[in-house]
Amino acid sequence: MNLLAAFTALLTLLSACAPLSPGSGSVNVPAENEENQSGGDSGSAGKDEDKAADPHIYSSLEGLVMTGYQGWFNAPGDGAGLKWKHYEKNGEFRPGKCSIDLWPDVSDYNKVYETEFSYSDGSPAYVFSSADPSTTRLHFKWMKQYGIDGAFVQRFVTNLKSSSKSVNSTNILLNCVDAARTYGRAVCVMYDLSGMKAGDSSYLIDDIDDLILKKKIAEGEKSTYLHHNGKPLVAVWGVGFSDSGRAYDLAECEKIVDHLRELGCSVLLGVPAKWRTLTSDAVEDPNLLEVIRKADVVHPWFVGRYDFDSFKNYQSLIQQDLAWCRNYGLCYIPTVFPGFSWYNLKEGESPINKIPRLEGRFLWSQMYFNVKSGAKCLYVAMFDEIDEGTAIFKCSNKVPVGDSPFLTYEGVPSDRYMWLVGQAGAMLRGESPLSSTMPVQP
């Protein structure tokens, strides 16, 4: 390490150690924990420093393994005034009432929050809040440490209609942009249309105008905002799904796409698994394909659609999707996921551990197949989704006891899934051999 790098590291450490004002129910942990993660460095530190130094160095999705980032967890005392969010069920977060199936491993966090849950020895269980900048910094530090290229930060249109939720969501997004720049990770806004009503596209349009034109999140010194086809990329998830809960139509989706293109952005569309055939989870409307052709990137959603054994039923579909996108000059970024469980969210109406992880073999089988089939990038769902049990960040093998059951990581290290995703990135870029056998974690 040269003198400049050493001095920079010292300043970063001193900044991380600055005292935070604890909220009600929160606990400040010595900040050194944020800087002392265990686990695999991808060996690309020099490359990452170069990325952080050059504006718009993330000029294409190709070659990247990205992850979805919910960033939607709140706790009483975190300053957002939203109490428990995405931990609670019907406003309560206690044994027998919660919406998460995995418990986060909070041993590395700078700030944590005590809950009513406890372990078998009677000690209290703690969680984190996404509203704390130290949380975001830790998560993006992990991304760099394990070789995950960056994150699509979820932004729900329904939250834009509420002042308090909009402020909280914007603060978390800006924290992500800042942390991504600090750790040389790509970052991209992903609007989620779930719950959007007819006419609500105006909230999205006003919001992206503010983010791009006023807050200029895609610009600035050392910007790591993701670009594609020479323009900042904006993702819109929820286009063309057939479920009855969607009160908007394709015309409204097309209005959003047209505005983004006029704004000078490239566009990623999150679409159903059967988007190309217009069957099953997709609307039976050929106009969906016309809207998709206006975009730059196609992102089909596969979470919950298959397990380890039935994945083979989707492989031909994925290969045909890739061929269709190549024919129309579009980038294709398939979804892969480590497992699935939403027992507590659905109050026991869905089995716990519905799609088993198999210690990482399920995730690796998907990443391997997509790379072998010619995918140039991957979307890993999700970094921090513990509500539906798809998280890849550190989750605990020691979980609270009581009326709410929780999954574990089956005894594997808590960083197993971040490490595997980093290994898949190396395989995608040809830095390691293509192999159907899951690598052995050191």
# chains A, B, ... in the order shown; residues from 1 in each chain; ligands from 1
>>> residues_around(residues="stretch 378-385 of chain A", least_positions_apart="4", cutoff="9 Å", atoms="only C-alpha atoms", output="PyMOL selection string")
chain A and resi 61-71+100+102+104+139+151-152+299+303+332-338+367+370-371+389-394+418+421+425+428
>>> residues_around(residues="A:Ser435", least_positions_apart="2", cutoff="10 Å", atoms="only C-alpha atoms", output="list in words")
Trp364, Ser365, Tyr368, Phe369, Val371, Lys372, Ala424, Met427, Ser432, Pro433, Thr437, Met438 and Pro439 of chain A
>>> write_last_selection(atoms="C-alpha atoms", output="tab-separated table (two decimals), in the first residue's frame")
chain	number	residue	atom	x	y	z
A	364	TRP	CA	-25.05	-22.44	-8.80
A	365	SER	CA	-26.98	-24.66	-11.22
A	368	TYR	CA	-23.88	-22.07	-14.60
A	369	PHE	CA	-26.67	-22.83	-17.08
A	371	VAL	CA	-23.59	-18.49	-18.52
A	372	LYS	CA	-23.22	-21.67	-20.59
A	424	ALA	CA	-20.13	-16.84	-10.89
A	427	MET	CA	-16.99	-17.59	-14.58
A	432	SER	CA	-12.38	-19.02	-14.17
A	433	PRO	CA	-13.44	-22.19	-16.01
A	437	THR	CA	-19.85	-28.31	-10.19
A	438	MET	CA	-20.31	-25.79	-7.40
A	439	PRO	CA	-16.89	-24.56	-6.24
>>> select_by_dssp(residues="stretch 258-349 of chain A", states="strand (DSSP E)", output="PyMOL selection string")
chain A and resi 266-271+297-300+331-332+335-336
>>> write_last_selection(atoms="all heavy atoms", output="compact mmCIF listing (two decimals), in the first residue's frame")
# COMPACT_ATOMS: atom_id res chain seq x y z
N SER A 266 -31.35 4.79 -21.17
CA SER A 266 -31.64 3.45 -21.67
C SER A 266 -32.57 2.78 -20.67
O SER A 266 -32.67 3.20 -19.52
CB SER A 266 -30.35 2.64 -21.87
OG SER A 266 -29.58 2.61 -20.68
N VAL A 267 -33.28 1.74 -21.12
CA VAL A 267 -34.38 1.20 -20.33
C VAL A 267 -34.25 -0.31 -20.18
O VAL A 267 -34.04 -1.04 -21.15
CB VAL A 267 -35.74 1.52 -21.00
CG1 VAL A 267 -36.89 0.97 -20.16
CG2 VAL A 267 -35.89 3.03 -21.20
N LEU A 268 -34.38 -0.78 -18.94
CA LEU A 268 -34.53 -2.20 -18.62
C LEU A 268 -35.96 -2.44 -18.21
O LEU A 268 -36.51 -1.70 -17.39
CB LEU A 268 -33.57 -2.60 -17.50
CG LEU A 268 -33.62 -4.05 -16.98
CD1 LEU A 268 -32.26 -4.45 -16.43
CD2 LEU A 268 -34.68 -4.25 -15.90
N LEU A 269 -36.58 -3.49 -18.76
CA LEU A 269 -37.95 -3.84 -18.38
C LEU A 269 -37.96 -5.19 -17.68
O LEU A 269 -37.50 -6.19 -18.22
CB LEU A 269 -38.85 -3.89 -19.62
CG LEU A 269 -39.12 -2.55 -20.31
CD1 LEU A 269 -40.10 -2.74 -21.47
CD2 LEU A 269 -39.67 -1.51 -19.33
N GLY A 270 -38.50 -5.20 -16.45
CA GLY A 270 -38.71 -6.44 -15.71
C GLY A 270 -40.04 -7.04 -16.12
O GLY A 270 -41.10 -6.42 -15.94
N VAL A 271 -39.99 -8.22 -16.69
CA VAL A 271 -41.17 -8.82 -17.33
C VAL A 271 -41.42 -10.23 -16.78
O VAL A 271 -40.56 -10.81 -16.10
CB VAL A 271 -40.98 -8.87 -18.86
CG1 VAL A 271 -40.90 -7.45 -19.43
CG2 VAL A 271 -39.71 -9.65 -19.24
N VAL A 297 -32.97 -3.56 -22.49
CA VAL A 297 -32.65 -4.75 -21.70
C VAL A 297 -33.94 -5.46 -21.30
O VAL A 297 -34.90 -4.83 -20.85
CB VAL A 297 -31.85 -4.40 -20.43
CG1 VAL A 297 -31.41 -5.65 -19.70
CG2 VAL A 297 -30.64 -3.53 -20.76
N VAL A 298 -33.94 -6.78 -21.44
CA VAL A 298 -35.08 -7.61 -21.04
C VAL A 298 -34.69 -8.40 -19.79
O VAL A 298 -33.65 -9.07 -19.77
CB VAL A 298 -35.49 -8.58 -22.16
CG1 VAL A 298 -36.69 -9.42 -21.72
CG2 VAL A 298 -35.82 -7.82 -23.43
N HIS A 299 -35.55 -8.33 -18.78
CA HIS A 299 -35.24 -8.95 -17.47
C HIS A 299 -36.43 -9.80 -17.01
O HIS A 299 -37.33 -9.32 -16.34
CB HIS A 299 -34.93 -7.84 -16.47
CG HIS A 299 -34.88 -8.29 -15.04
ND1 HIS A 299 -34.17 -9.40 -14.62
CD2 HIS A 299 -35.44 -7.76 -13.92
CE1 HIS A 299 -34.31 -9.53 -13.31
NE2 HIS A 299 -35.08 -8.56 -12.87
N PRO A 300 -36.47 -11.09 -17.39
CA PRO A 300 -37.58 -11.96 -16.97
C PRO A 300 -37.44 -12.38 -15.50
O PRO A 300 -36.34 -12.57 -14.99
CB PRO A 300 -37.45 -13.16 -17.90
CG PRO A 300 -36.00 -13.23 -18.23
CD PRO A 300 -35.51 -11.80 -18.26
N CYS A 331 -30.28 -6.65 -24.85
CA CYS A 331 -29.54 -7.35 -23.81
C CYS A 331 -30.53 -8.17 -22.98
O CYS A 331 -31.66 -7.73 -22.73
CB CYS A 331 -28.80 -6.34 -22.94
SG CYS A 331 -27.87 -7.06 -21.56
N TYR A 332 -30.12 -9.34 -22.56
CA TYR A 332 -30.98 -10.25 -21.78
C TYR A 332 -30.30 -10.52 -20.46
O TYR A 332 -29.18 -11.04 -20.41
CB TYR A 332 -31.18 -11.55 -22.57
CG TYR A 332 -32.04 -12.60 -21.90
CD1 TYR A 332 -33.43 -12.52 -21.95
CD2 TYR A 332 -31.47 -13.69 -21.24
CE1 TYR A 332 -34.22 -13.51 -21.36
CE2 TYR A 332 -32.26 -14.67 -20.66
CZ TYR A 332 -33.64 -14.57 -20.73
OH TYR A 332 -34.42 -15.55 -20.15
N THR A 335 -32.99 -13.75 -14.32
CA THR A 335 -33.02 -13.80 -12.86
C THR A 335 -32.57 -15.17 -12.37
O THR A 335 -33.01 -16.20 -12.89
CB THR A 335 -34.45 -13.54 -12.35
OG1 THR A 335 -34.92 -12.30 -12.86
CG2 THR A 335 -34.48 -13.51 -10.83
N VAL A 336 -31.71 -15.18 -11.37
CA VAL A 336 -31.38 -16.41 -10.65
C VAL A 336 -31.65 -16.13 -9.17
O VAL A 336 -31.59 -14.99 -8.72
CB VAL A 336 -29.92 -16.84 -10.87
CG1 VAL A 336 -29.67 -17.15 -12.34
CG2 VAL A 336 -28.94 -15.78 -10.39
>>> select_by_dssp(residues="stretch 234-424 of chain A", states="helix (DSSP H, G or I)", output="VMD selection string")
chain A and resid 250 to 262 287 to 293 312 to 328 358 to 373 416 to 424
>>> residues_around(residues="A:Cys395", least_positions_apart="6", cutoff="12 Å", atoms="only C-alpha atoms", output="PyMOL selection string")
chain A and resi 100-108+127-128+383-386+389+406-418
>>> atom_distance(atom1="atom CA of A:Tyr191", atom2="atom CA of A:Arg155")
4.7 Å
